[in-house]
Amino acid sequence: MNEPEAENTLKNPILEMRGIVKQFPGILANDHVDLELYPGEVLSLLGENGAGKSTLMNCLVGLYRPDEGEIYVRGQRVDIHSPKDAAALGIGMIHQNFKLVQTMTVAENIILGIGALPFVPDMDAVSRRIRELSARYSLQVDPQAYIWQLSVGEQQRVEILKLIYRGAEILILDEPTAVLTPQESHELAGVIKVMMAEGKSAIFITHKMEEVMEFSDWVRVLQHGRLVAVKRTAETSPQELARLMVGREVLFRLEKRAGTPGETLLELRDIHAEDDKGLPALRGVSLALHGGEILGIAGVAGNGQRELTEVVTGLRKVRQGRVLVRGEEQTNRSPLTMIKAGISHIPADRIGMGVVGDMAVSDNLVMKGYREAPLVEKGVLRPRRILKYARRLIETFRIATPTPQTRIKFLSGGNIQKAILAREISACEGLLVAAYPSRGLDVGATETVRKMLLEQRDKGMGVLLISEDLEELLTIADQIAVLFEGAVMGVCPAQEADIESLGLMMAGVRQTELASAPAIA
Amino acid sequence: MIALITSVLAITLRAGTSLIYATVGEIYTERSGILNLGLEGMMLLGAVTSFATAYYTGSTWRGLLAALAVGGLLAALHAFISVTMRANQVVSGLSITLFGSGLASFLGQRLGPESNNYYLVGMSGPRFSPLVIPGLSQLPILGALFEQDILTYFLYILLPLSWFYLYKTRNGLDLRAVGENPQTADAMGINVVKTRYLYTILGGMLVGLGGAHLSLAYTPGWTENITGGRGWIVIALVIFAMWNPSRAALGAILFGGINAVQFRLQAAGTTVPAEFLNMLPYLMTIFVLIVMTWWEALSKRIGAPAALGKSYMREEK
């Protein structure tokens, strides 16, 4: 570990963490981690999933209690017991899943838990103050709007305003760009610059190299809970950072052979469907997916992706429109009918919809095949055959599990995902619906998952790939369609797509209007 | 005719008072995310202890204090089981109802005077009598509001106050946040555990008062099962009120009204069997639940606190 911080002797760190240790049952999440943050600067915390970035920050905001270590703020040793203590020290965090109450207004969310307010807060004064701050930092949002009415990008503005309103000097942003369009990320960078110019400082958690380069002054890299490198951003490169983060060289590009699209496997014609609240979620979606093709669906989460996968897998009824599988009418059929029609599903919510956490890995692996011989005979399961079948999948797909009988919830996220892939791919008869298959996985597991999808394509399967990671779509998809507010903004071949026009479509500009759209700086 | 309406309304209000106390109490509890199904037991225990206390001390006010204490204590037990131990709230609530009903019935057979074989049943003690306000009570229809006992009068302050507290104050905002999204509340520096304990106990105290109103004012004295399932009706009333204290009165008056009309009909010697009339409030409960759920689905309004009935734990890993 190197400590090249001699140039900072003039400035005193506003925040210092020394020797932080945090242990969870079975995992050492933080192993003597040090951190320094200087006023007016942005520090990136880089690391794979499970490297301990979020844990470290949760210790800083008082959500977790470190087992060992010391924290200094403005040179003073502090003991942070709760988020309230952290707020009093001027530390505020924007969590990966926003901490917002959906049924309350923006203003109510912003003042939540501020003990210094009068017993009966003057909401007009609060709104006025929010408008002032909005204008100053160009974070446009209506204080009277309810959170559920806002887009994800707007919700993030509320989160930032919340911190500013409380006078936070040290901002912690946990993967803030994961849910944003490229343009919104740029806006965020601008806001951060304004705040840094005012002497505030920020810690930025991410695993995207480009963002480290764009946003930060310093980088600290964590690996398996340990600090492995401290670098000045100007003196490093994405390649070096990736190597430090994973511990080996990483291929940024996968090899992709030219596709040979076959017959039309899935056809959606003018699909209209509603979300759980009964509001329109899909408004006239028409798409076609061929064998030997990966059709990528881009878009900011919450623009109809979930409803789209549910319609295709039979989990949601359409109000209007038709679903055709291999030219056959399959509109509003049950999930079982869709499975029998050859559709496999890798759900976005792996733990909730993909596996039964308290059941064995082997049982989870046969959750599709158990209906048929030889796994079942005359309605009775054959445990030995199931075990044999499961062992074969565990080996083929390299699922790291202590035994096939281990309850699946004890596996890592990457291995749970591999198990789902193993089950769905082995039972796949033509069509694979994959929703965010690499979300939350580390670089290694992501590579594996993407390779598997490409293999399926090369075998002539059709893959409907829903992803919010444009890099992923550009890397492995053949066609990319962009969803915005339940409608397809455009479809284009992956080779011809560029990030900027995809970003514009994700923000609601139709492909046909792209040429006339104003350029984004 | 107007005199008849006025008198039915007055009875309605009297019958509804205990329901309103319990409903407001349960609304506050549920707003913090805790579902307390122990109401029936808590009301019964509140009724028996308040009557016994009033009987021996001669003070209805001490009776009320006893009901507050008993309601708060049982609610604290529920809070301990569901907040601290994070056990299933439905099971805990049902246990409290079974425990409370059993204990109330037991106390009713032990706390009485020796002359009555230690039974409380059949004894008469101090009570809250209606205080007729001269002048105001002479108004047509509205007069019904002014010939009530002191506990009902107190509701005229409690209802607007509890609405104002929930929607207009800082504490009310924090309470709603805890019931909607405890993770967020926690991250915003609100003490989720403290909030849930506080409002579960506060709610329990109001539920206890609801029980006390039965044995000290509405049907003075102690009888077995004096609540007649009111604790369960309140669960439905909370949904009917959509967790808004200002609407608690509406539902309670509707049910109180059914009670009042049913008594009127029975007194008038209707040919409908009494058993059917007695079923009315419970049938109404089912009906209200169906209509409200259906209406909620239609209007896309989700009224229940999103975290209702769910335990919260911070270091989840």
# chains A, B, ... in the order shown; residues from 1 in each chain; ligands from 1

call {"tool": "residues_around", "arguments": {"residues": "region 130-139 of chain B", "least_positions_apart": "4", "cutoff": "6 Å", "atoms": "only C-alpha atoms", "output": "mmCIF file with N, CA and C atoms, in the first residue's frame"}}
result
data_model
loop_
_atom_site.group_PDB
_atom_site.id
_atom_site.type_symbol
_atom_site.label_atom_id
_atom_site.label_comp_id
_atom_site.auth_asym_id
_atom_site.auth_seq_id
_atom_site.Cartn_x
_atom_site.Cartn_y
_atom_site.Cartn_z
ATOM 1 N N GLY B 143 -78.555 18.749 18.668
ATOM 2 C CA GLY B 143 -78.697 18.615 20.111
ATOM 3 C C GLY B 143 -78.154 17.289 20.613
ATOM 4 N N PHE B 146 -74.941 17.143 22.405
ATOM 5 C CA PHE B 146 -74.752 17.828 23.685
ATOM 6 C C PHE B 146 -75.533 17.212 24.839
ATOM 7 N N GLU B 147 -75.846 15.934 24.692
ATOM 8 C CA GLU B 147 -76.434 15.238 25.841
ATOM 9 C C GLU B 147 -75.640 13.957 26.084
ATOM 10 N N GLN B 148 -74.327 14.089 26.032
ATOM 11 C CA GLN B 148 -73.448 12.925 26.135
ATOM 12 C C GLN B 148 -72.670 12.951 27.452
ATOM 13 N N ASP B 149 -71.929 11.844 27.681
ATOM 14 C CA ASP B 149 -71.088 11.825 28.865
ATOM 15 C C ASP B 149 -69.760 12.507 28.544
#

call {"tool": "closest_atom_pairs", "arguments": {"of": "chain A", "to": "chain B", "cutoff": "9 Å", "atoms": "only C-alpha atoms", "output": "Markdown table"}}
result
| residue | atom | partner | partner_atom | distance |
| --- | --- | --- | --- | --- |
| A:Phe24 | CA | B:Lys317 | CA | 7.5 |
| A:Pro25 | CA | B:Lys317 | CA | 8.6 |
| A:Val61 | CA | B:Ala187 | CA | 8.4 |
| A:Gly62 | CA | B:Ala187 | CA | 8.7 |
| A:Leu63 | CA | B:Arg314 | CA | 7.1 |
| A:Tyr64 | CA | B:Glu315 | CA | 6.6 |
| A:Ser82 | CA | B:Gly189 | CA | 6.7 |
| A:Pro83 | CA | B:Gly189 | CA | 4.9 |
| A:Lys84 | CA | B:Gly189 | CA | 4.2 |
| A:Asp85 | CA | B:Gly189 | CA | 7.9 |
| A:Ala86 | CA | B:Gly189 | CA | 8.7 |
| A:Ala87 | CA | B:Gly189 | CA | 7.8 |
| A:Met93 | CA | B:Ala187 | CA | 8.7 |
| A:Phe98 | CA | B:Thr184 | CA | 8.0 |
| A:Lys99 | CA | B:Thr184 | CA | 4.5 |
| A:Leu100 | CA | B:Thr184 | CA | 6.0 |
| A:Val101 | CA | B:Asn181 | CA | 6.1 |
| A:Gln102 | CA | B:Glu180 | CA | 8.2 |
| A:Thr103 | CA | B:Glu180 | CA | 7.9 |
| A:Met104 | CA | B:Ala177 | CA | 8.3 |
| A:Glu108 | CA | B:Leu173 | CA | 7.4 |
| A:Asn109 | CA | B:Ala177 | CA | 8.6 |
| A:Ile111 | CA | B:Arg170 | CA | 8.6 |
| A:Leu112 | CA | B:Asp174 | CA | 6.3 |
| A:Gly113 | CA | B:Ile190 | CA | 5.3 |
| A:Ile114 | CA | B:Gly189 | CA | 7.7 |
| A:Gly115 | CA | B:Arg170 | CA | 8.1 |
| A:Leu117 | CA | B:Arg170 | CA | 7.3 |
| A:Pro118 | CA | B:Arg170 | CA | 7.4 |
| A:Phe119 | CA | B:Arg170 | CA | 5.4 |
| A:Val120 | CA | B:Thr169 | CA | 4.4 |
| A:Pro121 | CA | B:Arg170 | CA | 6.4 |
| A:Lys277 | CA | B:Lys300 | CA | 5.8 |
| A:Gly278 | CA | B:Lys300 | CA | 6.7 |
| A:Leu279 | CA | B:Lys300 | CA | 8.4 |

call {"tool": "residues_around", "arguments": {"residues": "Asp217 (chain A)", "least_positions_apart": "2", "cutoff": "8 Å", "atoms": "only C-alpha atoms", "output": "ChimeraX atom specification"}}
result
/A:41-44,215,219,232-234

call {"tool": "residues_around", "arguments": {"residues": "Leu15 (chain A)", "least_positions_apart": "3", "cutoff": "8 Å", "atoms": "only C-alpha atoms", "output": "list in words"}}
result
Leu35, Glu36, Leu37, Tyr38, Ile71, Tyr72, Val73, Arg74 and Gly75 of chain A

call {"tool": "residues_around", "arguments": {"residues": "region 246-253 of chain B", "least_positions_apart": "4", "cutoff": "8 Å", "atoms": "only C-alpha atoms", "output": "list of chain:residue names"}}
result
B:Thr12, B:Leu13, B:Ala15, B:Gly16, B:Thr17, B:Leu19, B:Ile20, B:Thr23, B:Val24, B:Leu159, B:Pro160, B:Ser162, B:Trp163, B:Leu237, B:Val238, B:Phe240, B:Ala241, B:Met242, B:Gly257

call {"tool": "write_last_selection", "arguments": {"atoms": "all heavy atoms", "output": "compact mmCIF listing (two decimals), in the first residue's frame"}}
result
# COMPACT_ATOMS: atom_id res chain seq x y z
N THR B 12 -76.65 6.59 18.97
CA THR B 12 -75.57 6.21 18.06
C THR B 12 -74.23 6.68 18.58
O THR B 12 -73.25 5.94 18.61
CB THR B 12 -75.82 6.85 16.67
OG1 THR B 12 -77.02 6.31 16.15
CG2 THR B 12 -74.69 6.58 15.73
N LEU B 13 -74.19 7.94 18.97
CA LEU B 13 -72.94 8.54 19.43
C LEU B 13 -72.46 7.84 20.69
O LEU B 13 -71.27 7.56 20.86
CB LEU B 13 -73.19 10.02 19.73
CG LEU B 13 -72.03 10.96 19.44
CD1 LEU B 13 -71.54 10.80 18.03
CD2 LEU B 13 -72.46 12.39 19.70
N ALA B 15 -73.14 4.77 21.56
CA ALA B 15 -72.69 3.43 21.21
C ALA B 15 -71.35 3.48 20.48
O ALA B 15 -70.55 2.55 20.54
CB ALA B 15 -73.73 2.74 20.34
N GLY B 16 -71.13 4.60 19.77
CA GLY B 16 -69.91 4.68 18.95
C GLY B 16 -68.68 5.15 19.70
O GLY B 16 -67.56 4.95 19.23
N THR B 17 -68.87 5.75 20.87
CA THR B 17 -67.73 6.35 21.57
C THR B 17 -66.59 5.37 21.82
O THR B 17 -65.43 5.66 21.51
CB THR B 17 -68.20 6.98 22.90
OG1 THR B 17 -69.14 8.01 22.59
CG2 THR B 17 -67.04 7.56 23.66
N LEU B 19 -65.93 2.71 20.29
CA LEU B 19 -65.34 2.34 19.00
C LEU B 19 -64.37 3.42 18.52
O LEU B 19 -63.31 3.13 17.99
CB LEU B 19 -66.43 2.13 17.95
CG LEU B 19 -67.32 0.90 18.12
CD1 LEU B 19 -68.45 0.94 17.10
CD2 LEU B 19 -66.52 -0.37 17.95
N ILE B 20 -64.76 4.69 18.72
CA ILE B 20 -63.91 5.77 18.23
C ILE B 20 -62.58 5.79 18.99
O ILE B 20 -61.51 5.90 18.38
CB ILE B 20 -64.63 7.13 18.34
CG1 ILE B 20 -65.87 7.12 17.46
CG2 ILE B 20 -63.69 8.26 17.90
CD1 ILE B 20 -66.70 8.39 17.53
N THR B 23 -60.55 2.95 17.73
CA THR B 23 -60.13 3.14 16.34
C THR B 23 -58.98 4.14 16.24
O THR B 23 -57.98 3.89 15.56
CB THR B 23 -61.32 3.61 15.47
OG1 THR B 23 -62.40 2.71 15.65
CG2 THR B 23 -60.94 3.66 14.01
N VAL B 24 -59.12 5.26 16.94
CA VAL B 24 -58.03 6.25 16.90
C VAL B 24 -56.75 5.62 17.45
O VAL B 24 -55.67 5.77 16.89
CB VAL B 24 -58.41 7.52 17.70
CG1 VAL B 24 -57.22 8.45 17.80
CG2 VAL B 24 -59.57 8.22 17.03
N LEU B 159 -60.48 14.09 18.35
CA LEU B 159 -60.49 13.78 16.92
C LEU B 159 -59.74 14.83 16.09
O LEU B 159 -58.81 14.48 15.37
CB LEU B 159 -61.91 13.57 16.42
CG LEU B 159 -62.50 12.20 16.76
CD1 LEU B 159 -63.96 12.13 16.36
CD2 LEU B 159 -61.72 11.10 16.07
N PRO B 160 -60.12 16.11 16.19
CA PRO B 160 -59.36 17.09 15.39
C PRO B 160 -57.89 17.14 15.80
O PRO B 160 -57.01 17.26 14.96
CB PRO B 160 -60.05 18.42 15.68
CG PRO B 160 -60.99 18.19 16.78
CD PRO B 160 -61.24 16.73 16.90
N SER B 162 -55.99 14.71 17.00
CA SER B 162 -55.18 13.58 16.52
C SER B 162 -54.99 13.68 15.01
O SER B 162 -53.96 13.24 14.49
CB SER B 162 -55.81 12.24 16.92
OG SER B 162 -57.16 12.21 16.55
N TRP B 163 -55.94 14.29 14.32
CA TRP B 163 -55.74 14.53 12.89
C TRP B 163 -54.60 15.54 12.70
O TRP B 163 -53.68 15.32 11.92
CB TRP B 163 -57.02 15.07 12.25
CG TRP B 163 -56.80 15.51 10.83
CD1 TRP B 163 -56.81 14.72 9.72
CD2 TRP B 163 -56.51 16.84 10.38
NE1 TRP B 163 -56.53 15.46 8.61
CE2 TRP B 163 -56.34 16.76 8.98
CE3 TRP B 163 -56.36 18.07 11.02
CZ2 TRP B 163 -56.03 17.88 8.21
CZ3 TRP B 163 -56.05 19.18 10.25
CH2 TRP B 163 -55.91 19.08 8.86
N LEU B 237 -62.80 -0.96 11.12
CA LEU B 237 -63.03 0.49 11.10
C LEU B 237 -61.77 1.26 10.72
O LEU B 237 -61.82 2.30 10.09
CB LEU B 237 -63.53 0.96 12.47
CG LEU B 237 -64.96 0.57 12.82
CD1 LEU B 237 -65.36 1.14 14.16
CD2 LEU B 237 -65.91 1.06 11.73
N VAL B 238 -60.62 0.72 11.14
CA VAL B 238 -59.36 1.38 10.80
C VAL B 238 -59.18 1.42 9.29
O VAL B 238 -58.77 2.42 8.71
CB VAL B 238 -58.17 0.66 11.47
CG1 VAL B 238 -56.84 1.19 10.95
CG2 VAL B 238 -58.24 0.83 12.98
N PHE B 240 -61.68 1.20 7.15
CA PHE B 240 -62.75 2.09 6.68
C PHE B 240 -62.31 3.54 6.78
O PHE B 240 -62.57 4.35 5.89
CB PHE B 240 -64.00 1.86 7.53
CG PHE B 240 -65.20 2.63 7.06
CD1 PHE B 240 -65.90 2.21 5.94
CD2 PHE B 240 -65.62 3.77 7.73
CE1 PHE B 240 -67.01 2.91 5.50
CE2 PHE B 240 -66.73 4.47 7.28
CZ PHE B 240 -67.42 4.04 6.16
N ALA B 241 -61.58 3.87 7.86
CA ALA B 241 -61.11 5.24 8.06
C ALA B 241 -59.88 5.52 7.19
O ALA B 241 -59.40 6.65 7.16
CB ALA B 241 -60.77 5.48 9.52
N MET B 242 -59.38 4.51 6.50
CA MET B 242 -58.17 4.64 5.70
C MET B 242 -57.03 5.25 6.52
O MET B 242 -56.29 6.11 6.04
CB MET B 242 -58.44 5.42 4.43
CG MET B 242 -59.42 4.67 3.55
SD MET B 242 -59.76 5.48 2.01
CE MET B 242 -58.22 5.20 1.19
N GLY B 257 -74.62 3.36 14.87
CA GLY B 257 -75.96 3.57 14.35
C GLY B 257 -76.69 2.25 14.13
O GLY B 257 -77.86 2.11 14.49

call {"tool": "residues_around", "arguments": {"residues": "Met43 (chain B)", "least_positions_apart": "2", "cutoff": "7 Å", "atoms": "only C-alpha atoms", "output": "PDB file with N, CA and C atoms, in the first residue's frame"}}
result
ATOM      1  N   LEU B  39     -56.789  -6.045  20.316  1.00  0.00           N
ATOM      2  CA  LEU B  39     -57.773  -5.058  20.774  1.00  0.00           C
ATOM      3  C   LEU B  39     -58.895  -5.630  21.622  1.00  0.00           C
ATOM      4  N   GLU B  40     -59.480  -6.735  21.160  1.00  0.00           N
ATOM      5  CA  GLU B  40     -60.621  -7.305  21.868  1.00  0.00           C
ATOM      6  C   GLU B  40     -60.234  -7.623  23.320  1.00  0.00           C
ATOM      7  N   GLY B  41     -59.078  -8.256  23.476  1.00  0.00           N
ATOM      8  CA  GLY B  41     -58.614  -8.589  24.821  1.00  0.00           C
ATOM      9  C   GLY B  41     -58.303  -7.352  25.636  1.00  0.00           C
ATOM     10  N   LEU B  45     -60.184  -6.219  29.092  1.00  0.00           N
ATOM     11  CA  LEU B  45     -59.424  -6.022  30.313  1.00  0.00           C
ATOM     12  C   LEU B  45     -59.553  -4.579  30.800  1.00  0.00           C
ATOM     13  N   GLY B  46     -59.582  -3.639  29.849  1.00  0.00           N
ATOM     14  CA  GLY B  46     -59.792  -2.238  30.213  1.00  0.00           C
ATOM     15  C   GLY B  46     -61.147  -2.063  30.894  1.00  0.00           C
ATOM     16  N   ALA B  47     -62.150  -2.749  30.348  1.00  0.00           N
ATOM     17  CA  ALA B  47     -63.505  -2.613  30.899  1.00  0.00           C
ATOM     18  C   ALA B  47     -63.574  -3.173  32.315  1.00  0.00           C
ATOM     19  N   VAL B 207     -57.221   2.343  23.436  1.00  0.00           N
ATOM     20  CA  VAL B 207     -58.061   1.151  23.333  1.00  0.00           C
ATOM     21  C   VAL B 207     -58.611   0.804  24.716  1.00  0.00           C
ATOM     22  N   GLY B 208     -57.749   0.911  25.734  1.00  0.00           N
ATOM     23  CA  GLY B 208     -58.188   0.671  27.109  1.00  0.00           C
ATOM     24  C   GLY B 208     -59.328   1.620  27.487  1.00  0.00           C
ATOM     25  N   GLY B 210     -61.432   2.919  25.465  1.00  0.00           N
ATOM     26  CA  GLY B 210     -62.614   2.444  24.755  1.00  0.00           C
ATOM     27  C   GLY B 210     -63.333   1.386  25.588  1.00  0.00           C
ATOM     28  N   GLY B 211     -62.554   0.473  26.176  1.00  0.00           N
ATOM     29  CA  GLY B 211     -63.138  -0.553  27.035  1.00  0.00           C
ATOM     30  C   GLY B 211     -63.798   0.073  28.256  1.00  0.00           C
ATOM     31  N   GLY B 231     -63.744  -5.157  19.535  1.00  0.00           N
ATOM     32  CA  GLY B 231     -62.307  -5.133  19.235  1.00  0.00           C
ATOM     33  C   GLY B 231     -62.018  -5.559  17.802  1.00  0.00           C
TER      34      GLY B 231
END

call {"tool": "atom_distance", "arguments": {"atom1": "CA of Gly19 (chain A)", "atom2": "CA of Glu68 (chain A)"}}
result
6.9 Å

call {"tool": "select_by_dssp", "arguments": {"residues": "region 108-152 of chain B", "states": "helix (DSSP H, G or I)", "output": "JSON, numbers by chain"}}
result
{"B": [108, 114, 115, 116, 136, 137, 138, 142, 143, 144, 145, 146, 150, 151, 152]}

call {"tool": "closest_residue", "arguments": {"among": "B:Arg86, B:Lys310, B:Arg264, B:Arg62", "to": "Arg127 (chain B)", "atoms": "only C-alpha atoms"}}
result
B:Arg62

call {"tool": "atom_distance", "arguments": {"atom1": "CA of Ala434 (chain A)", "atom2": "CA of Thr264 (chain A)"}}
result
17.9 Å

call {"tool": "residues_around", "arguments": {"residues": "Ile258 (chain B)", "least_positions_apart": "6", "cutoff": "9 Å", "atoms": "only C-alpha atoms", "output": "ChimeraX atom specification"}}
result
/B:12,280-281,284

call {"tool": "write_last_selection", "arguments": {"atoms": "all heavy atoms", "output": "PDB file, in the first residue's frame"}}
result
ATOM      1  N   THR B  12     -76.645   6.589  18.973  1.00  0.00           N
ATOM      2  CA  THR B  12     -75.573   6.212  18.058  1.00  0.00           C
ATOM      3  C   THR B  12     -74.228   6.682  18.577  1.00  0.00           C
ATOM      4  O   THR B  12     -73.252   5.943  18.613  1.00  0.00           O
ATOM      5  CB  THR B  12     -75.825   6.849  16.674  1.00  0.00           C
ATOM      6  OG1 THR B  12     -77.020   6.310  16.153  1.00  0.00           O
ATOM      7  CG2 THR B  12     -74.687   6.582  15.729  1.00  0.00           C
ATOM      8  N   LEU B 280     -76.108  -8.080  12.543  1.00  0.00           N
ATOM      9  CA  LEU B 280     -75.943  -6.954  11.624  1.00  0.00           C
ATOM     10  C   LEU B 280     -74.558  -6.278  11.665  1.00  0.00           C
ATOM     11  O   LEU B 280     -73.941  -6.102  10.619  1.00  0.00           O
ATOM     12  CB  LEU B 280     -77.042  -5.911  11.865  1.00  0.00           C
ATOM     13  CG  LEU B 280     -78.320  -6.128  11.058  1.00  0.00           C
ATOM     14  CD1 LEU B 280     -79.342  -5.045  11.393  1.00  0.00           C
ATOM     15  CD2 LEU B 280     -78.019  -6.109   9.564  1.00  0.00           C
ATOM     16  N   PRO B 281     -74.074  -5.895  12.854  1.00  0.00           N
ATOM     17  CA  PRO B 281     -72.801  -5.182  12.859  1.00  0.00           C
ATOM     18  C   PRO B 281     -71.673  -6.001  12.235  1.00  0.00           C
ATOM     19  O   PRO B 281     -70.798  -5.453  11.562  1.00  0.00           O
ATOM     20  CB  PRO B 281     -72.522  -4.964  14.347  1.00  0.00           C
ATOM     21  CG  PRO B 281     -73.827  -5.102  15.034  1.00  0.00           C
ATOM     22  CD  PRO B 281     -74.633  -6.028  14.200  1.00  0.00           C
ATOM     23  N   MET B 284     -72.061  -6.199   8.557  1.00  0.00           N
ATOM     24  CA  MET B 284     -71.655  -4.891   8.047  1.00  0.00           C
ATOM     25  C   MET B 284     -70.133  -4.820   7.940  1.00  0.00           C
ATOM     26  O   MET B 284     -69.597  -4.257   6.996  1.00  0.00           O
ATOM     27  CB  MET B 284     -72.184  -3.822   9.028  1.00  0.00           C
ATOM     28  CG  MET B 284     -72.107  -2.423   8.488  1.00  0.00           C
ATOM     29  SD  MET B 284     -73.270  -2.238   7.113  1.00  0.00           S
ATOM     30  CE  MET B 284     -72.734  -0.649   6.530  1.00  0.00           C
TER      31      MET B 284
END

call {"tool": "atom_distance", "arguments": {"atom1": "CA of Arg230 (chain B)", "atom2": "CA of Ala267 (chain B)"}}
result
21.9 Å
